[in-house]
file run_22.cif (mmCIF, C-alpha atoms)
data_work
loop_
_atom_site.label_atom_id
_atom_site.label_comp_id
_atom_site.auth_asym_id
_atom_site.auth_seq_id
_atom_site.Cartn_x
_atom_site.Cartn_y
_atom_site.Cartn_z
CA MET A 1 -9.65 55.08 -49.64
CA ALA A 2 -12.29 54.46 -52.25
CA GLY A 3 -10.66 57.03 -54.48
CA GLN A 4 -10.94 54.78 -57.49
CA PHE A 5 -14.70 54.37 -57.22
CA GLU A 6 -17.17 56.43 -59.19
CA ARG A 7 -20.94 56.42 -59.61
CA ARG A 8 -21.71 54.74 -62.92
CA ARG A 9 -24.87 53.44 -64.62
CA GLN A 10 -24.76 49.84 -65.89
CA GLU A 11 -26.69 48.88 -68.99
CA GLY A 12 -30.17 47.73 -68.00
CA ASP A 13 -29.93 49.19 -64.52
CA ASP A 14 -32.07 52.10 -63.35
CA GLN A 15 -29.63 53.54 -60.78
CA ASP A 16 -26.03 54.67 -60.60
CA ARG A 17 -23.84 52.31 -58.54
CA LEU A 18 -20.47 52.81 -56.84
CA THR A 19 -18.15 51.16 -59.38
CA CYS A 20 -14.38 50.60 -59.27
CA ARG A 21 -12.70 52.40 -62.19
CA ASP A 22 -10.09 49.65 -62.45
CA CYS A 23 -11.84 46.33 -62.14
CA GLY A 24 -15.52 47.18 -62.48
CA PHE A 25 -16.42 45.87 -59.03
CA ILE A 26 -19.84 47.23 -58.06
CA ALA A 27 -20.30 48.07 -54.39
CA TYR A 28 -24.09 47.81 -54.17
CA GLU A 29 -25.56 50.00 -51.51
CA ASN A 30 -28.41 48.28 -49.77
CA PRO A 31 -30.56 49.36 -46.88
CA LYS A 32 -29.04 48.39 -43.55
CA VAL A 33 -30.81 46.68 -40.69
CA VAL A 34 -30.64 48.07 -37.16
CA VAL A 35 -31.81 45.82 -34.33
CA GLY A 36 -32.56 47.05 -30.85
CA SER A 37 -34.88 46.70 -27.91
CA VAL A 38 -36.86 48.39 -25.21
CA VAL A 39 -35.68 46.44 -22.19
CA ALA A 40 -38.03 46.36 -19.20
CA VAL A 41 -36.28 46.46 -15.84
CA PRO A 42 -38.55 45.34 -13.00
CA GLY A 43 -39.02 47.39 -9.90
CA ALA A 44 -36.72 50.32 -10.62
CA GLY A 45 -37.69 53.93 -10.19
CA PRO A 46 -39.81 55.40 -7.40
CA GLY A 47 -43.42 56.19 -8.21
CA ALA A 48 -43.25 54.45 -11.55
CA GLY A 49 -45.27 51.65 -13.04
CA PRO A 50 -43.87 48.19 -12.48
CA ASP A 51 -41.16 48.40 -15.11
CA ALA A 52 -38.47 50.91 -15.89
CA VAL A 53 -36.69 50.99 -19.26
CA LEU A 54 -33.00 50.74 -20.00
CA LEU A 55 -31.36 53.68 -21.77
CA CYS A 56 -27.73 54.18 -22.77
CA ARG A 57 -25.99 57.55 -22.93
CA ARG A 58 -23.95 57.54 -26.13
CA ALA A 59 -20.15 57.71 -25.86
CA ILE A 60 -19.77 58.11 -29.63
CA GLU A 61 -20.94 60.41 -32.38
CA PRO A 62 -23.48 61.05 -33.75
CA ARG A 63 -25.41 62.43 -30.77
CA ARG A 64 -22.72 61.82 -28.17
CA GLY A 65 -24.08 62.41 -24.67
CA PHE A 66 -27.70 61.76 -25.67
CA TRP A 67 -29.78 58.79 -24.56
CA THR A 68 -30.65 55.90 -26.82
CA LEU A 69 -31.90 52.32 -26.73
CA PRO A 70 -29.41 49.47 -26.96
CA ALA A 71 -29.38 49.05 -30.76
CA GLY A 72 -26.99 48.73 -33.67
CA TYR A 73 -26.36 47.18 -37.05
CA LEU A 74 -27.32 43.56 -37.60
CA GLU A 75 -24.29 41.47 -38.59
CA MET A 76 -24.17 38.85 -41.34
CA HIS A 77 -25.27 35.37 -40.24
CA GLU A 78 -27.20 36.34 -37.15
CA THR A 79 -30.95 36.46 -36.65
CA VAL A 80 -32.66 39.69 -35.65
CA GLU A 81 -33.18 38.34 -32.10
CA GLU A 82 -29.50 37.38 -31.81
CA GLY A 83 -28.50 40.83 -33.01
CA ALA A 84 -30.74 42.55 -30.47
CA ARG A 85 -29.29 40.41 -27.66
CA ARG A 86 -25.72 41.12 -28.81
CA GLU A 87 -26.30 44.86 -28.92
CA ALA A 88 -27.83 44.84 -25.42
CA TRP A 89 -24.68 43.12 -24.19
CA GLU A 90 -22.27 45.35 -26.11
CA GLU A 91 -23.86 48.65 -25.15
CA ALA A 92 -25.44 47.95 -21.77
CA ARG A 93 -23.77 44.75 -20.54
CA ALA A 94 -27.30 43.42 -20.18
CA ARG A 95 -28.40 39.84 -20.82
CA ILE A 96 -31.87 40.14 -22.29
CA GLU A 97 -34.69 37.94 -23.46
CA THR A 98 -36.69 39.21 -26.42
CA GLU A 99 -40.45 38.83 -26.07
CA GLY A 100 -41.55 39.79 -29.57
CA VAL A 101 -41.27 42.43 -32.25
CA LEU A 102 -42.34 45.83 -30.98
CA ALA A 103 -41.95 47.82 -34.17
CA VAL A 104 -40.45 47.93 -37.66
CA TYR A 105 -39.31 51.43 -38.58
CA SER A 106 -38.06 52.74 -41.91
CA ILE A 107 -35.59 55.61 -42.09
CA ALA A 108 -35.83 55.90 -45.84
CA ARG A 109 -33.49 58.87 -46.19
CA LEU A 110 -30.68 56.86 -44.60
CA GLY A 111 -31.64 53.54 -46.20
CA GLN A 112 -32.24 52.01 -42.81
CA VAL A 113 -34.76 49.54 -41.40
CA GLN A 114 -35.01 49.22 -37.63
CA VAL A 115 -36.45 46.10 -36.03
CA MET A 116 -37.20 46.93 -32.39
CA PHE A 117 -37.99 44.28 -29.79
CA ARG A 118 -39.94 44.25 -26.59
CA ALA A 119 -37.50 42.64 -24.15
CA ARG A 120 -36.72 42.14 -20.48
CA LEU A 121 -33.61 41.49 -18.43
CA ALA A 122 -32.81 37.77 -18.45
CA GLU A 123 -30.54 38.20 -15.44
CA PRO A 124 -30.06 41.14 -13.07
CA GLY A 125 -27.45 43.78 -13.71
CA PHE A 126 -26.27 46.15 -16.41
CA GLU A 127 -23.50 48.68 -16.89
CA ALA A 128 -21.96 50.83 -19.59
CA GLY A 129 -20.29 49.01 -22.46
CA PRO A 130 -17.53 50.68 -24.51
CA GLU A 131 -19.95 52.73 -26.64
CA SER A 132 -21.90 54.09 -23.66
CA LEU A 133 -21.04 56.78 -21.11
CA GLU A 134 -23.59 55.39 -18.69
CA VAL A 135 -26.58 53.06 -18.64
CA ARG A 136 -29.63 53.65 -16.47
CA ALA A 137 -33.07 52.21 -15.85
CA PHE A 138 -35.56 55.06 -16.07
CA ALA A 139 -39.04 55.05 -14.63
CA TRP A 140 -41.38 56.34 -17.35
CA ASP A 141 -41.82 59.77 -15.76
CA ASP A 142 -38.07 60.21 -15.37
CA ILE A 143 -37.13 59.59 -19.02
CA PRO A 144 -35.04 62.57 -20.21
CA TRP A 145 -37.22 63.33 -23.24
CA ASP A 146 -35.22 66.40 -24.19
CA GLU A 147 -32.00 64.42 -24.36
CA ILE A 148 -33.11 61.52 -26.54
CA ALA A 149 -30.72 60.78 -29.40
CA PHE A 150 -33.04 59.78 -32.27
CA PRO A 151 -36.71 60.04 -33.28
CA THR A 152 -37.04 56.25 -33.41
CA VAL A 153 -36.14 56.08 -29.69
CA HIS A 154 -39.17 58.28 -28.99
CA TRP A 155 -41.32 56.14 -31.26
CA ALA A 156 -40.23 52.85 -29.74
CA LEU A 157 -40.65 54.05 -26.16
CA ASN A 158 -44.16 55.28 -26.96
CA ALA A 159 -45.02 52.03 -28.75
CA TRP A 160 -43.75 50.09 -25.72
CA ARG A 161 -45.80 52.23 -23.35
CA GLU A 162 -48.93 51.78 -25.48
CA GLY A 163 -48.55 48.02 -25.41
CA ALA A 164 -47.93 47.85 -29.13
CA GLY A 165 -46.36 44.95 -30.89
CA PHE A 166 -47.23 41.32 -30.74
CA PRO A 167 -45.47 38.58 -28.82
CA SER A 168 -47.10 35.97 -31.08
CA PRO A 169 -44.47 33.41 -32.04
CA ALA A 170 -45.77 33.34 -35.61
CA VAL A 171 -44.19 36.68 -36.38
CA LEU A 172 -40.67 35.35 -36.01
CA ASN A 173 -39.19 32.18 -37.44
CA PRO A 174 -41.18 29.11 -36.40
CA PRO A 175 -39.15 27.64 -33.50
CA GLU A 176 -39.40 24.13 -34.87
CA ASP A 177 -37.94 25.04 -38.28
CA LEU A 178 -34.22 25.73 -37.95
CA ARG A 179 -33.51 26.30 -41.65
CA GLY A 180 -33.41 30.06 -41.27
CA ILE A 181 -31.59 30.13 -37.97
CA ARG A 182 -28.70 27.70 -38.20
CA PRO A 183 -25.81 29.01 -40.26
CA LEU A 184 -24.40 26.56 -42.75
CA PRO A 185 -20.79 25.51 -42.21
CA GLY A 186 -18.51 28.19 -43.66
CA HIS A 187 -19.75 31.41 -45.16
CA VAL A 188 -22.50 31.47 -47.73
CA LEU A 189 -22.82 34.86 -49.35
CA ALA A 190 -26.20 36.46 -49.68
CA GLY A 191 -27.65 36.11 -53.12
CA ASP A 192 -30.88 34.21 -52.75
CA ALA A 193 -33.93 36.42 -52.95
CA GLY A 194 -37.14 35.27 -51.37
CA MET B 195 -14.85 41.42 -61.88
CA ALA B 196 -13.85 41.81 -58.25
CA GLY B 197 -10.61 40.04 -59.01
CA GLN B 198 -8.62 42.56 -57.04
CA PHE B 199 -10.58 42.04 -53.85
CA GLU B 200 -9.41 39.78 -51.06
CA ARG B 201 -10.68 38.97 -47.59
CA ARG B 202 -8.54 40.89 -45.12
CA ARG B 203 -8.70 41.65 -41.38
CA GLN B 204 -8.44 45.32 -40.36
CA GLU B 205 -6.78 46.25 -37.10
CA GLY B 206 -9.42 46.38 -34.36
CA ASP B 207 -11.99 44.48 -36.42
CA ASP B 208 -13.20 41.02 -35.51
CA GLN B 209 -14.05 39.82 -39.03
CA ASP B 210 -12.41 39.58 -42.43
CA ARG B 211 -13.82 42.03 -44.96
CA LEU B 212 -13.76 42.12 -48.75
CA THR B 213 -10.95 44.62 -49.36
CA CYS B 214 -9.56 46.05 -52.62
CA ARG B 215 -5.86 45.14 -52.95
CA ASP B 216 -5.18 48.43 -54.75
CA CYS B 217 -7.00 51.17 -52.89
CA GLY B 218 -8.06 49.52 -49.64
CA PHE B 219 -11.78 50.07 -50.29
CA ILE B 220 -13.77 47.80 -47.96
CA ALA B 221 -16.94 46.33 -49.42
CA TYR B 222 -18.86 45.65 -46.20
CA GLU B 223 -21.30 42.81 -46.51
CA ASN B 224 -24.44 43.55 -44.61
CA PRO B 225 -27.63 41.56 -44.21
CA LYS B 226 -30.14 42.37 -46.92
CA VAL B 227 -33.80 43.20 -46.43
CA VAL B 228 -36.50 41.37 -48.38
CA VAL B 229 -40.00 42.84 -48.31
CA GLY B 230 -43.10 40.96 -49.40
CA SER B 231 -46.72 40.33 -48.66
CA VAL B 232 -49.52 37.86 -48.37
CA VAL B 233 -52.16 39.56 -50.50
CA ALA B 234 -55.77 38.65 -49.76
CA VAL B 235 -57.98 38.47 -52.84
CA PRO B 236 -61.68 38.61 -51.99
CA GLY B 237 -64.11 36.06 -53.28
CA ALA B 238 -61.85 33.87 -55.40
CA GLY B 239 -61.74 30.10 -55.26
CA PRO B 240 -64.75 27.81 -54.94
CA GLY B 241 -65.43 26.37 -51.50
CA ALA B 242 -62.83 28.57 -49.87
CA GLY B 243 -63.04 30.98 -47.01
CA PRO B 244 -63.72 34.54 -47.97
CA ASP B 245 -60.21 35.33 -49.16
CA ALA B 246 -57.79 33.68 -51.55
CA VAL B 247 -54.09 34.53 -51.59
CA LEU B 248 -51.96 35.76 -54.47
CA LEU B 249 -49.05 33.57 -55.53
CA CYS B 250 -46.54 34.07 -58.35
CA ARG B 251 -44.90 31.27 -60.31
CA ARG B 252 -41.23 32.24 -60.63
CA ALA B 253 -39.87 32.91 -64.13
CA ILE B 254 -36.29 33.16 -62.82
CA GLU B 255 -33.82 31.08 -60.86
CA PRO B 256 -33.53 30.08 -58.13
CA ARG B 257 -36.60 27.84 -57.99
CA ARG B 258 -37.94 28.70 -61.43
CA GLY B 259 -41.44 27.28 -61.90
CA PHE B 260 -42.20 27.23 -58.15
CA TRP B 261 -44.73 29.43 -56.41
CA THR B 262 -43.79 32.34 -54.20
CA LEU B 263 -45.22 35.47 -52.62
CA PRO B 264 -44.64 38.83 -54.28
CA ALA B 265 -41.38 39.79 -52.53
CA GLY B 266 -37.90 41.07 -53.25
CA TYR B 267 -35.04 43.22 -52.07
CA LEU B 268 -35.79 46.55 -50.46
CA GLU B 269 -34.14 49.40 -52.36
CA MET B 270 -32.29 52.34 -50.84
CA HIS B 271 -34.52 55.27 -49.86
CA GLU B 272 -37.83 53.45 -49.71
CA THR B 273 -39.81 52.38 -46.66
CA VAL B 274 -40.63 48.72 -46.08
CA GLU B 275 -44.27 49.37 -47.01
CA GLU B 276 -43.24 51.13 -50.24
CA GLY B 277 -40.96 48.21 -51.09
CA ALA B 278 -43.73 45.67 -50.53
CA ARG B 279 -46.09 47.67 -52.76
CA ARG B 280 -43.44 48.00 -55.47
CA GLU B 281 -42.71 44.26 -55.47
CA ALA B 282 -46.42 43.41 -55.70
CA TRP B 283 -46.60 45.63 -58.77
CA GLU B 284 -43.39 44.34 -60.36
CA GLU B 285 -44.13 40.65 -59.88
CA ALA B 286 -47.93 40.47 -59.91
CA ARG B 287 -49.06 43.75 -61.47
CA ALA B 288 -51.17 44.15 -58.33
CA ARG B 289 -51.89 47.42 -56.55
CA ILE B 290 -51.95 46.52 -52.89
CA GLU B 291 -52.61 48.16 -49.54
CA THR B 292 -50.53 46.89 -46.64
CA GLU B 293 -52.50 46.31 -43.43
CA GLY B 294 -49.65 45.65 -41.02
CA VAL B 295 -46.56 43.58 -40.44
CA LEU B 296 -47.32 39.87 -40.58
CA ALA B 297 -43.88 38.50 -39.74
CA VAL B 298 -40.17 39.26 -39.51
CA TYR B 299 -38.07 36.30 -40.60
CA SER B 300 -34.31 35.83 -40.38
CA ILE B 301 -32.45 33.69 -42.89
CA ALA B 302 -29.18 33.88 -41.02
CA ARG B 303 -27.21 31.64 -43.36
CA LEU B 304 -27.92 34.01 -46.24
CA GLY B 305 -27.69 37.17 -44.20
CA GLN B 306 -31.28 38.05 -44.98
CA VAL B 307 -34.15 39.61 -43.06
CA GLN B 308 -37.64 39.31 -44.51
CA VAL B 309 -40.37 41.74 -43.51
CA MET B 310 -43.69 40.23 -44.61
CA PHE B 311 -46.92 42.21 -44.70
CA ARG B 312 -50.56 41.32 -44.43
CA ALA B 313 -52.06 43.07 -47.45
CA ARG B 314 -55.08 43.21 -49.73
CA LEU B 315 -55.77 44.28 -53.30
CA ALA B 316 -56.28 48.04 -53.42
CA GLU B 317 -57.89 47.72 -56.85
CA PRO B 318 -59.08 44.67 -58.79
CA GLY B 319 -56.84 42.82 -61.17
CA PHE B 320 -53.42 41.23 -61.35
CA GLU B 321 -51.25 39.51 -63.94
CA ALA B 322 -47.74 38.20 -64.38
CA GLY B 323 -44.95 40.75 -64.27
CA PRO B 324 -41.61 40.09 -66.03
CA GLU B 325 -40.25 37.86 -63.24
CA SER B 326 -43.38 35.66 -63.06
CA LEU B 327 -44.63 32.91 -65.38
CA GLU B 328 -48.13 33.28 -64.01
CA VAL B 329 -49.96 34.83 -61.06
CA ARG B 330 -52.99 33.23 -59.48
CA ALA B 331 -55.30 33.70 -56.50
CA PHE B 332 -55.47 30.42 -54.64
CA ALA B 333 -58.17 29.40 -52.20
CA TRP B 334 -56.45 28.03 -49.11
CA ASP B 335 -57.23 24.40 -49.95
CA ASP B 336 -55.90 24.78 -53.48
CA ILE B 337 -52.46 26.13 -52.57
CA PRO B 338 -49.83 23.94 -54.30
CA TRP B 339 -47.90 23.13 -51.12
CA ASP B 340 -45.52 20.78 -52.90
CA GLU B 341 -44.51 23.47 -55.38
CA ILE B 342 -43.73 26.32 -52.97
CA ALA B 343 -40.40 28.01 -53.68
CA PHE B 344 -39.06 28.82 -50.19
CA PRO B 345 -39.63 27.88 -46.54
CA THR B 346 -40.54 31.46 -45.63
CA VAL B 347 -43.48 31.28 -48.08
CA HIS B 348 -44.83 28.35 -46.06
CA TRP B 349 -44.23 30.24 -42.82
CA ALA B 350 -45.88 33.44 -44.01
CA LEU B 351 -48.92 31.66 -45.44
CA ASN B 352 -49.40 29.77 -42.17
CA ALA B 353 -48.94 32.95 -40.12
CA TRP B 354 -51.52 34.68 -42.31
CA ARG B 355 -53.97 31.79 -41.89
CA GLU B 356 -53.49 31.81 -38.11
CA GLY B 357 -54.28 35.50 -37.93
CA ALA B 358 -50.80 36.38 -36.77
CA GLY B 359 -49.28 39.79 -36.96
CA PHE B 360 -50.59 43.06 -35.75
CA PRO B 361 -52.23 45.79 -37.75
CA SER B 362 -51.50 48.23 -34.91
CA PRO B 363 -50.18 51.47 -36.41
CA ALA B 364 -47.59 51.74 -33.66
CA VAL B 365 -45.47 49.01 -35.18
CA LEU B 366 -44.65 51.06 -38.26
CA ASN B 367 -43.53 54.67 -38.45
CA PRO B 368 -45.99 57.00 -36.71
CA PRO B 369 -48.03 58.45 -39.59
CA GLU B 370 -47.78 61.99 -38.22
CA ASP B 371 -43.97 61.93 -38.11
CA LEU B 372 -42.54 62.12 -41.60
CA ARG B 373 -38.87 62.29 -40.65
CA GLY B 374 -38.27 58.63 -41.46
CA ILE B 375 -40.40 58.50 -44.59
CA ARG B 376 -39.55 61.57 -46.64
CA PRO B 377 -36.24 61.26 -48.44
CA LEU B 378 -34.05 64.32 -48.16
CA PRO B 379 -33.24 66.15 -51.40
CA GLY B 380 -30.37 64.33 -53.12
CA HIS B 381 -28.81 61.16 -51.84
CA VAL B 382 -27.69 60.84 -48.25
CA LEU B 383 -25.63 57.73 -47.73
CA ALA B 384 -26.35 55.46 -44.81
CA GLY B 385 -24.03 56.03 -41.90
CA ASP B 386 -26.20 57.00 -39.00
CA ALA B 387 -26.81 54.15 -36.57
CA GLY B 388 -29.77 54.29 -34.26
#
call {"tool": "encode", "arguments": {"input": "run_22.cif", "output": "structure tokens"}}
result
Amino acid sequence: MAGQFERRRQEGDDQDRLTCRDCGFIAYENPKVVVGSVVAVPGAGPGAGPDAVLLCRRAIEPRRGFWTLPAGYLEMHETVEEGARREAWEEARARIETEGVLAVYSIARLGQVQVMFRARLAEPGFEAGPESLEVRAFAWDDIPWDEIAFPTVHWALNAWREGAGFPSPAVLNPPEDLRGIRPLPGHVLAGDAG
Amino acid sequence: MAGQFERRRQEGDDQDRLTCRDCGFIAYENPKVVVGSVVAVPGAGPGAGPDAVLLCRRAIEPRRGFWTLPAGYLEMHETVEEGARREAWEEARARIETEGVLAVYSIARLGQVQVMFRARLAEPGFEAGPESLEVRAFAWDDIPWDEIAFPTVHWALNAWREGAGFPSPAVLNPPEDLRGIRPLPGHVLAGDAG
């Protein structure tokens, strides 16, 4: 696959781009968006504060067997909140309600932006989805810090614990303005820069 | 260009993808990240509050001639803050300091996520870059509301005015942990999901 692509500089561009040798198609590489959440689970864990947090043990590489937050790539035509809810369902079979943005992390070396939410269970219950070996609610003191999959999981858990982030509605789309949220009929390809 | 690509469903996938008829290369379409800022300019504008805001009149389509915030697509291998600073330079020849995330907007129909910063001029002076017809600091009451380019510019200006957002350091990468910020030597392609 992709054998006919090479890195080539276009006139007027300042970077090489993956370009098809045959037809000249340019596969632009853009940063990808990961959406995820720290999901508070009420009442779990002995000796803990009021809320435990949901962690998933990864069933897939990279970092199989290590613990992570329910998170994954945002899909086209969904909002960041919708993506975070979908990932919580796919990985932890949890129905969640997002309460606000907890953090925005950049993983520049990978070309990745992570939008992490503060969230809570919208209905009781969770279990491992297909990409998880197991899903558990950990009291803060029981979090397996030595078996955490990624640095951003550490960061987000600490930000959650410190009460960071802002549940102000102004930081997400205004709820009364649906222009950003409702997809148009059919697919409209990205191309409009703000 | 791209004449040899067609939309095709892969086994096990739930969406059609742009696929090269010859070599099978899949050009995944992912949401794109726009970074921008509301830049406070001290002391400008008669009868205004203490700060005016920087707006750029677009020299390019779409919405040529309308006013927008300095904003544009995040590039590979830069953090969201770096991208916002770069765009402020490119479009408004302004050196800015970001103070925190103001808002995270989803434009689902375009597959776009906008990370907007609260920022201020790091040094005096600004002027039109190549993509702007003119750049001005507007006192709040002088903002040309009928000539604003995009809904998210309205949203971000209102969020800024309402004091939304959070300058808490926890919502961006922890400053003492450089793993997300420093690019590795050479290019590492995205592929690692959090």
call {"tool": "atom_distance", "arguments": {"input": "run_22.cif", "atom1": "atom CA of A:Arg57", "atom2": "atom CA of B:Val307"}}
result
28.2 Å
call {"tool": "residues_around", "arguments": {"input": "run_22.cif", "residues": "A:Gly24", "least_positions_apart": "2", "cutoff": "12 Å", "atoms": "only C-alpha atoms", "output": "number ranges by chain"}}
result
A: 4-10, 17-22, 26-28; B: 195-199, 214
call {"tool": "residues_around", "arguments": {"input": "run_22.cif", "residues": "A:Val38", "least_positions_apart": "3", "cutoff": "7 Å", "atoms": "all atoms listed in the file", "output": "list in words"}}
result
Val53, Leu54, Leu69, Phe117, Arg118, Ala119 and Leu157 of chain A
call {"tool": "residues_around", "arguments": {"input": "run_22.cif", "residues": "stretch 278-281 of chain B", "least_positions_apart": "4", "cutoff": "9 Å", "atoms": "only C-alpha atoms", "output": "PyMOL selection string"}}
result
chain B and resi 228-231+264-268+273-274+285-292+309-311
call {"tool": "write_last_selection", "arguments": {"input": "run_22.cif", "atoms": "C-alpha atoms", "output": "mmCIF file, in the coordinates of the input"}}
result
data_model
loop_
_atom_site.group_PDB
_atom_site.id
_atom_site.type_symbol
_atom_site.label_atom_id
_atom_site.label_comp_id
_atom_site.auth_asym_id
_atom_site.auth_seq_id
_atom_site.Cartn_x
_atom_site.Cartn_y
_atom_site.Cartn_z
ATOM 1 C CA VAL B 228 -36.500 41.370 -48.380
ATOM 2 C CA VAL B 229 -40.000 42.840 -48.310
ATOM 3 C CA GLY B 230 -43.100 40.960 -49.400
ATOM 4 C CA SER B 231 -46.720 40.330 -48.660
ATOM 5 C CA PRO B 264 -44.640 38.830 -54.280
ATOM 6 C CA ALA B 265 -41.380 39.790 -52.530
ATOM 7 C CA GLY B 266 -37.900 41.070 -53.250
ATOM 8 C CA TYR B 267 -35.040 43.220 -52.070
ATOM 9 C CA LEU B 268 -35.790 46.550 -50.460
ATOM 10 C CA THR B 273 -39.810 52.380 -46.660
ATOM 11 C CA VAL B 274 -40.630 48.720 -46.080
ATOM 12 C CA GLU B 285 -44.130 40.650 -59.880
ATOM 13 C CA ALA B 286 -47.930 40.470 -59.910
ATOM 14 C CA ARG B 287 -49.060 43.750 -61.470
ATOM 15 C CA ALA B 288 -51.170 44.150 -58.330
ATOM 16 C CA ARG B 289 -51.890 47.420 -56.550
ATOM 17 C CA ILE B 290 -51.950 46.520 -52.890
ATOM 18 C CA GLU B 291 -52.610 48.160 -49.540
ATOM 19 C CA THR B 292 -50.530 46.890 -46.640
ATOM 20 C CA VAL B 309 -40.370 41.740 -43.510
ATOM 21 C CA MET B 310 -43.690 40.230 -44.610
ATOM 22 C CA PHE B 311 -46.920 42.210 -44.700
#
call {"tool": "resolve_selection", "arguments": {"input": "run_22.cif", "expression": "the PyMOL selection byres ((chain A and resi 156) around 8)", "output": "count of residues only"}}
result
12
call {"tool": "resolve_selection", "arguments": {"input": "run_22.cif", "expression": "the PyMOL selection byres ((chain B and resi 253-260) around 7)", "output": "PyMOL selection string"}}
result
chain B and resi 251-252+261-262+325-327+341-343
call {"tool": "closest_residue", "arguments": {"input": "run_22.cif", "among": "B:Leu315, B:Leu249, B:Leu304, B:Ala322", "to": "chain A", "atoms": "only C-alpha atoms"}}
result
B:Leu304
call {"tool": "closest_residue", "arguments": {"input": "run_22.cif", "among": "A:Trp145, A:Trp89, A:Phe150, A:Trp140", "to": "chain B", "atoms": "all atoms listed in the file"}}
result
A:Phe150
